[in-house]
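Below is query26.cif, which holds mmCIF, C-alpha atoms and all ligand atoms.
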```
data_input
#
loop_
_atom_site.label_atom_id
_atom_site.label_comp_id
_atom_site.auth_asym_id
_atom_site.auth_seq_id
_atom_site.Cartn_x
_atom_site.Cartn_y
_atom_site.Cartn_z
CA MET V 290 -37.24 -29.67 17.67
CA THR V 291 -38.49 -30.18 21.21
CA ASP V 292 -39.39 -27.36 23.56
CA ALA V 293 -36.65 -28.36 26.00
CA PRO V 294 -34.49 -25.39 26.99
CA LEU V 295 -31.35 -25.07 24.93
CA PRO V 296 -28.10 -25.70 26.77
CA GLU V 297 -25.53 -22.92 26.85
CA LEU V 298 -24.55 -23.34 23.24
CA MET V 299 -22.44 -20.31 22.63
CA PRO V 300 -19.24 -19.63 24.53
CA ASP V 301 -19.29 -17.01 27.26
CA ALA V 302 -19.29 -13.71 25.35
CA SER V 303 -16.59 -12.35 27.65
CA VAL V 304 -14.22 -15.11 26.51
CA ALA V 305 -12.61 -14.56 23.13
CA ASP V 306 -13.65 -17.09 20.50
CA PRO V 307 -10.51 -17.56 18.38
CA TYR V 308 -12.50 -18.89 15.44
CA GLY V 309 -15.61 -16.80 15.97
CA THR V 310 -14.94 -14.62 12.95
CA LEU V 311 -14.86 -17.40 10.36
CA ASP V 312 -16.93 -16.22 7.44
CA PRO V 313 -18.44 -18.57 4.84
CA ALA V 314 -17.82 -15.99 2.10
CA THR V 315 -14.07 -16.14 2.80
CA LEU V 316 -13.93 -19.88 3.41
CA ARG V 317 -15.64 -20.50 0.08
CA HIS V 318 -12.59 -19.66 -2.00
CA PRO V 319 -12.22 -21.51 -5.31
CA ASP V 320 -9.25 -23.59 -4.09
CA SER V 321 -11.24 -25.18 -1.28
CA LEU V 322 -12.57 -28.65 -2.07
CA LYS V 323 -14.59 -28.64 1.13
CA TRP V 324 -16.35 -25.35 0.49
CA THR V 325 -16.96 -25.52 -3.26
CA MET V 326 -18.20 -29.09 -3.66
CA TYR V 327 -21.77 -28.07 -2.79
CA PRO V 328 -23.84 -25.02 -3.77
CA GLU V 329 -23.52 -21.73 -1.97
CA GLY V 330 -25.52 -21.65 1.23
CA VAL V 331 -24.81 -25.28 2.11
CA ILE V 332 -22.71 -25.64 5.27
CA PRO V 333 -20.00 -28.20 4.42
CA LEU V 334 -19.38 -30.66 7.24
CA TRP V 335 -17.96 -33.47 5.14
CA VAL V 336 -14.28 -33.90 4.11
CA ALA V 337 -11.81 -33.96 7.04
CA ASP V 338 -10.39 -30.45 6.81
CA MET V 339 -10.75 -27.92 9.62
CA ASP V 340 -12.03 -24.46 8.75
CA TYR V 341 -9.30 -22.85 10.86
CA PRO V 342 -6.33 -20.91 9.50
CA VAL V 343 -2.91 -22.55 9.54
CA ALA V 344 -0.89 -22.15 12.78
CA PRO V 345 1.17 -18.92 12.71
CA PRO V 346 4.58 -20.67 13.20
CA ILE V 347 3.84 -22.83 10.15
CA VAL V 348 2.82 -19.86 8.01
CA ALA V 349 5.99 -17.99 9.05
CA ALA V 350 8.21 -20.97 8.19
CA LEU V 351 6.52 -21.42 4.79
CA ARG V 352 6.98 -17.73 3.95
CA GLU V 353 10.62 -17.92 4.85
CA ARG V 354 11.10 -21.14 2.87
CA LEU V 355 9.73 -19.45 -0.24
CA THR V 356 12.57 -16.95 -0.18
CA ARG V 357 15.05 -19.79 -0.74
CA GLY V 358 13.96 -21.44 -3.96
CA LEU V 359 12.10 -24.67 -4.39
CA GLY V 360 14.65 -27.22 -5.55
CA TYR V 361 14.80 -30.74 -4.11
CA HIS V 362 14.65 -30.52 -0.34
CA GLN V 363 17.53 -31.91 1.67
CA LEU V 364 15.44 -34.56 3.39
CA LEU V 365 17.99 -37.34 3.15
CA GLY V 366 21.01 -35.57 4.59
CA ASP V 367 19.25 -33.20 6.98
CA PRO V 368 17.96 -35.08 10.00
CA THR V 369 15.93 -32.14 11.41
CA LEU V 370 12.48 -33.50 10.57
CA GLY V 371 13.39 -37.12 11.24
CA THR V 372 14.85 -36.28 14.65
CA ALA V 373 11.89 -34.16 15.70
CA LEU V 374 9.47 -36.84 14.53
CA ARG V 375 11.33 -39.61 16.34
CA GLU V 376 11.21 -37.57 19.55
CA HIS V 377 7.49 -37.03 19.10
CA LEU V 378 6.76 -40.68 18.35
CA ALA V 379 8.82 -41.77 21.37
CA THR V 380 6.26 -39.98 23.59
CA GLN V 381 3.64 -42.32 22.10
CA GLY V 382 5.64 -45.45 22.88
CA LEU V 383 7.49 -45.76 19.56
CA THR V 384 10.92 -45.65 21.21
CA ASP V 385 14.18 -47.00 19.77
CA LEU V 386 13.24 -46.75 16.11
CA PRO V 387 16.20 -48.00 14.10
CA GLU V 388 18.09 -45.79 11.68
CA ASP V 389 16.30 -47.27 8.66
CA GLY V 390 12.97 -47.51 10.42
CA LEU V 391 11.55 -44.25 9.10
CA THR V 392 10.72 -43.18 5.61
CA PHE V 393 8.75 -40.20 4.35
CA LEU V 394 5.73 -40.48 2.07
CA PRO V 395 3.73 -37.97 0.04
CA GLY V 396 0.73 -38.78 2.29
CA VAL V 397 -0.69 -41.44 4.57
CA VAL V 398 -3.03 -43.04 2.03
CA PRO V 399 -0.10 -44.02 -0.24
CA GLY V 400 1.31 -45.84 2.81
CA LEU V 401 -1.96 -47.78 3.19
CA TYR V 402 -1.81 -48.86 -0.45
CA ALA V 403 1.89 -49.78 -0.21
CA ALA V 404 1.29 -51.87 2.92
CA VAL V 405 -1.46 -53.87 1.23
CA ASN V 406 0.67 -54.33 -1.88
CA GLY V 407 3.83 -55.28 -0.01
CA LEU V 408 2.42 -57.49 2.72
CA THR V 409 -0.34 -59.44 0.95
CA GLN V 410 -0.91 -61.27 -2.32
CA PRO V 411 -3.71 -60.70 -4.87
CA GLY V 412 -6.86 -62.61 -3.98
CA GLU V 413 -6.04 -62.72 -0.26
CA PRO V 414 -8.35 -61.44 2.47
CA VAL V 415 -7.16 -58.32 4.30
CA LEU V 416 -8.60 -57.72 7.74
CA THR V 417 -10.17 -54.45 8.81
CA MET V 418 -12.94 -53.16 11.04
CA THR V 419 -16.00 -51.33 9.73
CA PRO V 420 -17.13 -48.62 9.53
CA ILE V 421 -13.76 -47.40 8.32
CA TYR V 422 -12.19 -44.44 6.51
CA HIS V 423 -12.96 -45.53 2.94
CA PRO V 424 -9.41 -45.61 1.47
CA PHE V 425 -8.80 -48.61 3.75
CA HIS V 426 -11.13 -50.83 1.75
CA LEU V 427 -10.24 -49.12 -1.52
CA ALA V 428 -6.56 -49.95 -0.93
CA ILE V 429 -7.66 -53.58 -0.64
CA THR V 430 -10.17 -53.89 -3.48
CA GLU V 431 -8.39 -51.67 -5.99
CA GLN V 432 -5.34 -53.90 -5.66
CA GLY V 433 -7.22 -57.14 -6.22
CA ARG V 434 -7.44 -58.28 -2.60
CA ARG V 435 -10.62 -59.03 -0.64
CA VAL V 436 -11.92 -57.09 2.35
CA ALA V 437 -12.29 -59.31 5.40
CA ALA V 438 -14.41 -56.97 7.48
CA ALA V 439 -15.13 -57.24 11.17
CA PRO V 440 -17.92 -54.79 12.05
CA LEU V 441 -17.41 -52.85 15.28
CA ARG V 442 -20.12 -53.59 17.79
CA GLU V 443 -22.31 -51.04 19.43
CA GLY V 444 -21.68 -51.25 23.15
CA GLN V 445 -22.95 -48.92 25.88
CA THR V 446 -21.33 -46.72 28.49
CA GLU V 447 -22.58 -46.76 32.07
CA GLY V 448 -24.50 -43.60 31.22
CA GLY V 449 -26.37 -45.45 28.48
CA GLN V 450 -24.50 -43.83 25.58
CA THR V 451 -23.33 -45.73 22.53
CA ARG V 452 -19.71 -46.83 22.60
CA TRP V 453 -18.16 -48.44 19.54
CA GLU V 454 -16.13 -51.47 20.50
CA ILE V 455 -14.06 -54.06 18.71
CA GLY V 456 -16.25 -56.95 17.58
CA TRP V 457 -13.97 -59.73 18.79
CA GLU V 458 -16.07 -62.60 17.48
CA ALA V 459 -16.41 -60.99 14.07
CA LEU V 460 -12.68 -60.29 14.05
CA GLU V 461 -11.90 -63.90 14.87
CA ALA V 462 -14.19 -65.11 12.08
CA ALA V 463 -12.84 -62.64 9.53
CA ALA V 464 -9.18 -63.37 10.30
CA GLN V 465 -9.15 -66.79 8.64
CA GLY V 466 -6.56 -66.74 5.86
CA ALA V 467 -5.61 -63.09 6.44
CA ARG V 468 -2.02 -61.90 6.76
CA LEU V 469 -2.56 -58.22 7.39
CA LEU V 470 -4.70 -56.22 9.81
CA MET V 471 -5.38 -52.61 8.84
CA LEU V 472 -5.95 -50.65 12.04
CA CYS V 473 -7.16 -47.08 12.42
CA HIS V 474 -6.11 -45.67 15.82
CA PRO V 475 -7.69 -43.27 16.66
CA HIS V 476 -10.53 -44.61 14.61
CA ASN V 477 -12.12 -42.68 11.77
CA PRO V 478 -15.20 -42.40 11.73
CA THR V 479 -16.16 -43.38 15.31
CA GLY V 480 -13.53 -41.28 17.10
CA ARG V 481 -12.51 -44.14 19.38
CA VAL V 482 -8.99 -44.14 20.82
CA TRP V 483 -8.43 -47.83 21.48
CA ASP V 484 -7.67 -48.13 25.19
CA ALA V 485 -4.88 -50.06 26.90
CA ALA V 486 -7.02 -53.16 27.45
CA GLU V 487 -8.26 -53.22 23.86
CA LEU V 488 -4.74 -52.70 22.52
CA ALA V 489 -3.38 -55.50 24.69
CA ARG V 490 -6.07 -57.90 23.49
CA LEU V 491 -5.55 -56.82 19.90
CA ARG V 492 -1.82 -57.49 20.20
CA ASP V 493 -2.53 -60.98 21.57
CA PHE V 494 -4.90 -61.53 18.67
CA VAL V 495 -2.32 -60.41 16.11
CA LEU V 496 0.34 -62.70 17.58
CA GLU V 497 -2.05 -65.64 17.74
CA HIS V 498 -3.01 -65.18 14.08
CA ASP V 499 0.50 -64.26 12.95
CA LEU V 500 -0.65 -61.03 11.32
CA TYR V 501 1.21 -58.02 10.05
CA VAL V 502 -0.36 -54.73 11.09
CA VAL V 503 -0.51 -51.37 9.39
CA SER V 504 -1.64 -48.87 12.00
CA ASP V 505 -2.86 -45.51 10.70
CA GLU V 506 -2.30 -43.12 13.62
CA LEU V 507 -2.81 -39.88 11.72
CA HIS V 508 -5.37 -38.49 14.19
CA ALA V 509 -3.33 -39.27 17.32
CA ASP V 510 -2.58 -35.65 18.22
CA LEU V 511 -6.24 -34.62 18.16
CA ARG V 512 -7.28 -36.38 21.34
CA TYR V 513 -9.71 -35.30 24.05
CA THR V 514 -8.48 -38.02 26.38
CA ASP V 515 -5.98 -36.99 29.06
CA ALA V 516 -3.89 -40.16 28.97
CA PRO V 517 -0.83 -40.11 26.70
CA PHE V 518 -1.43 -41.72 23.34
CA GLU V 519 -0.37 -45.35 23.16
CA ALA V 520 0.73 -46.40 19.69
CA PHE V 521 -0.22 -49.93 18.66
CA ALA V 522 3.50 -50.77 18.29
CA ALA V 523 4.35 -49.37 21.74
CA ASP V 524 4.55 -52.98 22.91
CA PRO V 525 7.81 -54.67 21.85
CA ARG V 526 5.89 -57.93 21.27
CA VAL V 527 4.35 -56.57 18.07
CA ARG V 528 6.99 -54.10 16.93
CA ASP V 529 8.59 -56.22 14.26
CA ARG V 530 5.28 -56.95 12.55
CA THR V 531 3.87 -53.40 12.55
CA ILE V 532 4.11 -50.48 10.17
CA THR V 533 2.83 -47.23 11.69
CA LEU V 534 1.65 -44.38 9.49
CA THR V 535 1.52 -40.79 10.64
CA GLY V 536 1.61 -37.21 9.37
CA PRO V 537 0.78 -33.59 10.23
CA ALA V 538 -2.24 -33.26 7.92
CA LYS V 539 -5.07 -33.66 10.41
CA ALA V 540 -3.63 -32.12 13.58
CA TYR V 541 -2.23 -29.08 11.76
CA ASN V 542 -4.79 -28.87 8.98
CA THR V 543 -2.24 -29.07 6.18
CA ALA V 544 -3.70 -31.87 4.04
CA GLY V 545 -3.20 -29.79 0.89
CA LEU V 546 0.57 -29.96 1.33
CA GLY V 547 0.76 -33.76 1.32
CA ILE V 548 3.29 -35.52 3.52
CA GLY V 549 3.35 -38.55 5.78
CA ALA V 550 5.74 -41.03 7.28
CA MET V 551 5.94 -44.77 7.61
CA VAL V 552 7.82 -46.10 10.62
CA GLY V 553 8.66 -49.58 11.82
CA HIS V 554 11.08 -51.35 14.12
CA ASP V 555 12.04 -53.91 11.49
CA PRO V 556 13.91 -52.04 8.72
CA ALA V 557 13.41 -55.03 6.39
CA LEU V 558 9.64 -54.71 6.74
CA VAL V 559 9.75 -50.96 6.10
CA LYS V 560 11.91 -51.60 3.02
CA ARG V 561 9.57 -54.31 1.78
CA VAL V 562 6.57 -52.01 1.97
CA LYS V 563 8.43 -49.11 0.42
CA THR V 564 9.75 -51.28 -2.40
CA ALA V 565 6.24 -52.52 -3.12
CA ALA V 566 5.33 -49.02 -4.25
CA GLY V 567 8.45 -48.81 -6.39
CA GLY V 568 9.06 -45.43 -7.96
CA LEU V 569 5.35 -44.65 -7.89
CA MET V 570 5.53 -43.16 -4.43
CA GLY V 571 7.26 -39.88 -5.31
CA HIS V 572 8.63 -37.67 -2.59
CA PRO V 573 7.12 -35.13 -0.21
CA SER V 574 7.24 -31.50 -1.35
CA ALA V 575 9.73 -29.03 0.10
CA LEU V 576 6.94 -26.95 1.59
CA SER V 577 5.37 -29.94 3.30
CA VAL V 578 8.71 -30.78 4.95
CA THR V 579 9.06 -27.18 6.13
CA ALA V 580 5.50 -27.18 7.48
CA TRP V 581 5.92 -30.41 9.44
CA GLN V 582 9.21 -29.24 10.91
CA ALA V 583 7.62 -25.97 12.03
CA ALA V 584 4.62 -27.85 13.46
CA LEU V 585 6.81 -30.13 15.56
CA ARG V 586 9.05 -27.26 16.64
CA GLY V 587 6.52 -24.57 17.46
CA GLY V 588 2.99 -25.75 16.71
CA GLY V 589 2.24 -27.15 20.18
CA PRO V 590 0.44 -24.14 21.71
CA TRP V 591 -1.75 -23.67 18.60
CA LEU V 592 -2.60 -27.36 18.63
CA ALA V 593 -3.49 -27.30 22.34
CA ASP V 594 -5.81 -24.30 21.82
CA THR V 595 -7.40 -25.87 18.76
CA VAL V 596 -8.01 -29.19 20.50
CA LYS V 597 -9.61 -27.28 23.36
CA TYR V 598 -11.88 -25.47 20.91
CA LEU V 599 -12.79 -28.72 19.16
CA ARG V 600 -13.59 -30.30 22.50
CA GLY V 601 -15.95 -27.39 23.16
CA ASN V 602 -17.62 -27.96 19.78
CA ARG V 603 -17.97 -31.64 20.52
CA ASP V 604 -19.63 -30.91 23.87
CA VAL V 605 -21.95 -28.31 22.36
CA MET V 606 -23.01 -30.85 19.77
CA ALA V 607 -23.55 -33.56 22.37
CA ALA V 608 -25.71 -31.23 24.48
CA PHE V 609 -27.68 -30.13 21.43
CA LEU V 610 -28.37 -33.67 20.28
CA GLN V 611 -29.36 -34.78 23.75
CA THR V 612 -31.96 -32.06 24.14
CA GLN V 613 -33.12 -31.38 20.58
CA LEU V 614 -32.73 -34.71 18.81
CA PRO V 615 -32.65 -37.28 21.61
CA TRP V 616 -33.44 -40.14 19.24
CA VAL V 617 -30.14 -39.64 17.38
CA ARG V 618 -27.61 -42.14 18.75
CA PHE V 619 -24.18 -40.70 19.23
CA SER V 620 -21.08 -41.31 21.27
CA PRO V 621 -18.88 -38.27 21.75
CA PRO V 622 -15.56 -38.96 20.00
CA GLU V 623 -12.44 -39.39 22.13
CA ALA V 624 -10.38 -37.98 19.27
CA THR V 625 -10.78 -36.22 15.92
CA TYR V 626 -13.40 -33.69 14.89
CA LEU V 627 -15.57 -36.29 13.20
CA ALA V 628 -18.85 -37.43 14.72
CA TRP V 629 -20.52 -40.69 13.76
CA LEU V 630 -24.27 -40.21 14.12
CA ASP V 631 -26.92 -42.90 13.93
CA LEU V 632 -30.10 -41.50 12.37
CA ARG V 633 -31.57 -44.88 11.50
CA ALA V 634 -34.70 -44.14 13.50
CA HIS V 635 -35.72 -41.45 11.02
CA PRO V 636 -38.20 -42.25 8.23
CA ARG V 637 -35.77 -40.74 5.70
CA ALA V 638 -32.83 -42.90 6.91
CA GLY V 639 -32.74 -44.54 3.47
CA ASP V 640 -31.47 -41.36 1.82
CA ILE V 641 -30.40 -39.35 4.82
CA GLN V 642 -27.37 -37.63 3.27
CA LYS V 643 -29.48 -36.35 0.35
CA PHE V 644 -32.31 -35.39 2.70
CA LEU V 645 -29.97 -33.32 4.90
CA LEU V 646 -28.37 -31.71 1.87
CA GLU V 647 -31.69 -30.72 0.35
CA GLU V 648 -33.75 -29.97 3.45
CA ALA V 649 -31.17 -28.78 5.98
CA ARG V 650 -28.61 -27.47 3.48
CA ILE V 651 -25.78 -29.21 5.28
CA ALA V 652 -23.30 -31.56 3.56
CA VAL V 653 -22.17 -34.60 5.52
CA HIS V 654 -20.61 -37.91 4.55
CA ASP V 655 -23.07 -40.77 4.00
CA GLY V 656 -22.55 -43.82 6.25
CA PRO V 657 -22.31 -46.49 3.52
CA ILE V 658 -19.13 -44.86 2.17
CA PHE V 659 -17.35 -46.26 5.21
CA ALA V 660 -17.96 -49.89 4.27
CA PRO V 661 -17.07 -52.23 1.43
CA GLU V 662 -19.82 -53.12 -1.05
CA ASP V 663 -21.45 -56.01 0.84
CA LEU V 664 -21.64 -54.12 4.13
CA LYS V 665 -22.92 -50.81 2.83
CA PRO V 666 -26.59 -51.47 3.78
CA ARG V 667 -25.51 -51.97 7.39
CA TYR V 668 -24.43 -48.32 7.63
CA GLN V 669 -27.36 -46.74 5.79
CA GLY V 670 -28.84 -44.11 8.10
CA PHE V 671 -25.51 -43.18 9.65
CA ILE V 672 -23.69 -39.96 8.82
CA ARG V 673 -20.21 -38.60 9.55
CA LEU V 674 -20.28 -34.96 10.56
CA ASN V 675 -17.14 -32.80 10.68
CA PHE V 676 -17.49 -30.29 13.52
CA ALA V 677 -14.19 -28.44 12.96
CA THR V 678 -15.77 -25.11 12.14
CA SER V 679 -16.68 -22.04 14.16
CA ARG V 680 -19.09 -22.58 17.01
CA ALA V 681 -21.59 -20.27 15.36
CA LEU V 682 -21.56 -22.22 12.09
CA LEU V 683 -21.79 -25.51 13.94
CA VAL V 684 -24.80 -24.35 15.94
CA GLU V 685 -26.44 -23.04 12.78
CA ALA V 686 -25.86 -26.40 11.08
CA LEU V 687 -27.29 -28.29 14.05
CA GLU V 688 -30.34 -26.04 14.18
CA ARG V 689 -30.94 -26.54 10.46
CA MET V 690 -30.60 -30.26 10.97
CA ALA V 691 -33.04 -30.29 13.87
CA ARG V 692 -35.59 -28.24 11.91
CA ALA V 693 -35.39 -30.55 8.90
CA LEU V 694 -35.49 -33.77 10.86
CA GLY V 695 -38.12 -32.47 13.23
CA ALA V 696 -40.58 -32.11 10.37
CA GLU V 697 -40.83 -35.89 10.35
CA VAL V 698 -41.97 -38.02 13.25
CA PRO V 699 -39.15 -40.40 14.12
CA VAL V 700 -40.16 -44.02 14.38
CA GLN V 701 -39.23 -45.44 17.78
CA ARG V 702 -36.75 -48.30 17.42
C1 LIG G 1 -7.43 -42.12 9.09
C2 LIG G 1 -6.96 -41.31 7.92
N1 LIG G 1 -5.88 -41.72 7.22
C3 LIG G 1 -5.42 -41.02 6.15
C4 LIG G 1 -6.04 -39.86 5.74
C5 LIG G 1 -5.53 -39.09 4.57
O1 LIG G 1 -4.17 -38.91 4.69
P1 LIG G 1 -3.35 -38.23 3.51
O2 LIG G 1 -4.12 -37.04 3.05
O3 LIG G 1 -2.05 -37.89 4.17
O4 LIG G 1 -3.16 -39.26 2.45
C6 LIG G 1 -7.18 -39.41 6.44
C7 LIG G 1 -7.88 -38.19 6.00
O5 LIG G 1 -8.89 -37.80 6.50
C8 LIG G 1 -7.63 -40.14 7.56
O6 LIG G 1 -8.70 -39.75 8.25
#
```
Please, can you express the file's structure as structure tokens?
Ligand SMILES: Cc1ncc(COP(=O)(O)O)c(C=O)c1O
Amino acid sequence: MTDAPLPELMPDASVADPYGTLDPATLRHPDSLKWTMYPEGVIPLWVADMDYPVAPPIVAALRERLTRGLGYHQLLGDPTLGTALREHLATQGLTDLPEDGLTFLPGVVPGLYAAVNGLTQPGEPVLTMTPIYHPFHLAITEQGRRVAAAPLREGQTEGGQTRWEIGWEALEAAAQGARLLMLCHPHNPTGRVWDAAELARLRDFVLEHDLYVVSDELHADLRYTDAPFEAFAADPRVRDRTITLTGPAKAYNTAGLGIGAMVGHDPALVKRVKTAAGGLMGHPSALSVTAWQAALRGGGPWLADTVKYLRGNRDVMAAFLQTQLPWVRFSPPEATYLAWLDLRAHPRAGDIQKFLLEEARIAVHDGPIFAPEDLKPRYQGFIRLNFATSRALLVEALERMARALGAEVPVQR
């Protein structure tokens, strides 16, 4: 650690910290994957769950739902969830969805697999951009297709910070022979929200190469940008070739309930993708339907407060890194609570995840996970850090990290 003065890391004590009382002993309950994967004492900053309790309107709706039995939920005949979701998606540019343009899924990942299965043939290349949330390339390779990866390129903001951008040349080269582009918007793990210019160019690209698109927009409601979210398929030019995937799991922290939706403006395309999964897809659980309905109906204020808190965490982390670990390259995410950190300058970059686990007692995701086999070395030395915890735990994790990394002398790159 340097001797530079610490920025104001903790919130003003006179302002209530809604998540200030989070206690590792309580979070570490046996049902929690995030908190029990690593030994006691390790701060888990890996899998994309938030440490925050579920929004009160969702908890109330779930309690009430449990008083009414748990038979098959009336999802087909009751339009409540579908109507609320359509209204929500319309604010993101997905207007005029046809009657058969929406179908529910037991999660978003099954939609990724179904899109690959339904829109490509075995042996074909499927286009995606790395680093990427790993089920993207698993959906490709586990179904006998090939990953055609276009690495994002590391650009710079005017302030000299890293900014992950679409690697247009790499995308052009990788597109040969591909029929499907798998897009992550906002992007996990870099936290980019593709802007209007990038989306416009990407749409031109997709039309030029006659590609289908599956756009995973699961993190769209966790944005720190002020502009309204623009779905990839907001532009009518690409609507008929795009399947958009969404769900409540990230914004409302309900991943354990399992539900998602696949929407598209061409009902035949939606049907083709759904049929590709056959009866394997299953149906969303009654409680997940109830939770999503409650989230869309009354979860807005909780979400706004939580996004504000996450933004604060992001800024605290940025200030900490700038002063205490200035050699770590980082671009503050525009969405999501995941930070993509470049620690390649460190002598232990070759086993950085293990080093941080053993020496700092923090658990993060290792960079190579976010790439297919041949590109894994490119992301060695990067980590993905989940900052959706209390500010106190985040600061403790960052301090541990700085102490452990500071013991080594970083090599200047
Ligand atoms: C981009 C993205 N898509 C999908 C998922 C998982 O979605 P589900 O749990 O609904 O399958 C995640 C989880 O972190 C994610 O980040």
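The binding environment of ligand LIG 1 (chain G), defined as every protein, DNA or RNA residue with an atom no more than 7 Å away and counting all atoms listed in the file, comprises V:Ala337, V:Gly396, V:Val397, V:Val398, V:Pro399, V:Tyr422, V:Cys473, V:His476, V:Asn477, V:Asp505, V:Glu506, V:Leu507, V:His508, V:Gly536, V:Ala538, V:Lys539, V:Ala544, V:Gly547, V:Ile548, V:Gly549.
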Figure out the distance between CA of Thr533 (chain V) and CA of Glu413 (chain V), please, to one decimal in Å.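 So the two atoms, CA of Glu413 (chain V) and CA of Thr533 (chain V), lie 21.5 Å apart.
Here the question is which of V:His654, V:His362, V:Arg633, V:Lys563 gets nearest to Ser577 (chain V) using only C-alpha atoms, and that residue is V:His362.
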What lies within 7 Å of Trp629 (chain V) using all atoms listed in the file, ignoring chain neighbours under 2 positions off, as a PyMOL selection string? chain V and resi 478-479+619+627+631+671-674
Write out the residues from the selection above, keeping C-alpha atoms, as a PDB file, keeping the file's coordinate frame.
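Once everything was written out, this is part.pdb:
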```pdb
ATOM      1  CA  PRO V 478     -15.200 -42.400  11.730  1.00  0.00           C
ATOM      2  CA  THR V 479     -16.160 -43.380  15.310  1.00  0.00           C
ATOM      3  CA  PHE V 619     -24.180 -40.700  19.230  1.00  0.00           C
ATOM      4  CA  LEU V 627     -15.570 -36.290  13.200  1.00  0.00           C
ATOM      5  CA  ASP V 631     -26.920 -42.900  13.930  1.00  0.00           C
ATOM      6  CA  PHE V 671     -25.510 -43.180   9.650  1.00  0.00           C
ATOM      7  CA  ILE V 672     -23.690 -39.960   8.820  1.00  0.00           C
ATOM      8  CA  ARG V 673     -20.210 -38.600   9.550  1.00  0.00           C
ATOM      9  CA  LEU V 674     -20.280 -34.960  10.560  1.00  0.00           C
TER      10      LEU V 674
END
```
Quick one: of V:Thr315, V:Glu388, V:Gly449, V:Gly587, who's nearest to Ala349 (chain V), counting all atoms listed in the file?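 Ranking V:Thr315, V:Glu388, V:Gly449, V:Gly587 by distance to Ala349 (chain V), first place goes to V:Gly587.
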Could you tell me how far CA of Ala464 (chain V) lies from CA of Leu441 (chain V), in Å and to one decimal? 14.3 Å
Would you mind reading off the distance between CA of Glu454 (chain V) and CA of Val552 (chain V), one decimal, in Å?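 Spanning CA of Glu454 (chain V) to CA of Val552 (chain V) is a straight-line distance of 26.5 Å.
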Nearest-residue call for Leu632 (chain V), choices V:Val578, V:Ala373, V:Leu645, V:Val348, using all atoms listed in the file: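 Once distances to Leu632 (chain V) are computed over all atoms listed in the file, the minimum belongs to V:Leu645.
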Is there a way to complete region 619-628 of chain V with N, CA, C and O atoms and then write that out as a PDB file, in the frame of the given file?
```pdb
ATOM      1  N   PHE V 619     -25.452 -41.385  19.446  1.00  0.00           N
ATOM      2  CA  PHE V 619     -24.180 -40.700  19.230  1.00  0.00           C
ATOM      3  C   PHE V 619     -23.271 -40.970  20.419  1.00  0.00           C
ATOM      4  O   PHE V 619     -23.730 -40.956  21.561  1.00  0.00           O
ATOM      5  N   SER V 620     -22.006 -41.247  20.144  1.00  0.00           N
ATOM      6  CA  SER V 620     -21.080 -41.310  21.270  1.00  0.00           C
ATOM      7  C   SER V 620     -19.981 -40.285  21.025  1.00  0.00           C
ATOM      8  O   SER V 620     -19.326 -40.301  19.985  1.00  0.00           O
ATOM      9  N   PRO V 621     -19.839 -39.350  21.962  1.00  0.00           N
ATOM     10  CA  PRO V 621     -18.880 -38.270  21.750  1.00  0.00           C
ATOM     11  C   PRO V 621     -17.491 -38.839  21.457  1.00  0.00           C
ATOM     12  O   PRO V 621     -17.002 -39.689  22.194  1.00  0.00           O
ATOM     13  N   PRO V 622     -16.866 -38.407  20.351  1.00  0.00           N
ATOM     14  CA  PRO V 622     -15.560 -38.960  20.000  1.00  0.00           C
ATOM     15  C   PRO V 622     -14.496 -38.644  21.055  1.00  0.00           C
ATOM     16  O   PRO V 622     -14.529 -37.601  21.688  1.00  0.00           O
ATOM     17  N   GLU V 623     -13.584 -39.588  21.210  1.00  0.00           N
ATOM     18  CA  GLU V 623     -12.440 -39.390  22.130  1.00  0.00           C
ATOM     19  C   GLU V 623     -11.291 -38.699  21.401  1.00  0.00           C
ATOM     20  O   GLU V 623     -10.322 -38.281  22.012  1.00  0.00           O
ATOM     21  N   ALA V 624     -11.392 -38.639  20.093  1.00  0.00           N
ATOM     22  CA  ALA V 624     -10.380 -37.980  19.270  1.00  0.00           C
ATOM     23  C   ALA V 624     -11.027 -37.597  17.946  1.00  0.00           C
ATOM     24  O   ALA V 624     -12.076 -38.136  17.582  1.00  0.00           O
ATOM     25  N   THR V 625     -10.357 -36.697  17.234  1.00  0.00           N
ATOM     26  CA  THR V 625     -10.780 -36.220  15.920  1.00  0.00           C
ATOM     27  C   THR V 625     -12.025 -35.338  16.011  1.00  0.00           C
ATOM     28  O   THR V 625     -12.745 -35.371  16.995  1.00  0.00           O
ATOM     29  N   TYR V 626     -12.254 -34.609  14.948  1.00  0.00           N
ATOM     30  CA  TYR V 626     -13.400 -33.690  14.890  1.00  0.00           C
ATOM     31  C   TYR V 626     -14.511 -34.281  14.033  1.00  0.00           C
ATOM     32  O   TYR V 626     -15.266 -33.574  13.393  1.00  0.00           O
ATOM     33  N   LEU V 627     -14.571 -35.608  14.008  1.00  0.00           N
ATOM     34  CA  LEU V 627     -15.570 -36.290  13.200  1.00  0.00           C
ATOM     35  C   LEU V 627     -16.557 -36.998  14.127  1.00  0.00           C
ATOM     36  O   LEU V 627     -16.131 -37.687  15.052  1.00  0.00           O
ATOM     37  N   ALA V 628     -17.845 -36.781  13.877  1.00  0.00           N
ATOM     38  CA  ALA V 628     -18.850 -37.430  14.720  1.00  0.00           C
ATOM     39  C   ALA V 628     -19.616 -38.439  13.882  1.00  0.00           C
ATOM     40  O   ALA V 628     -20.024 -38.145  12.763  1.00  0.00           O
TER      41      ALA V 628
END
```
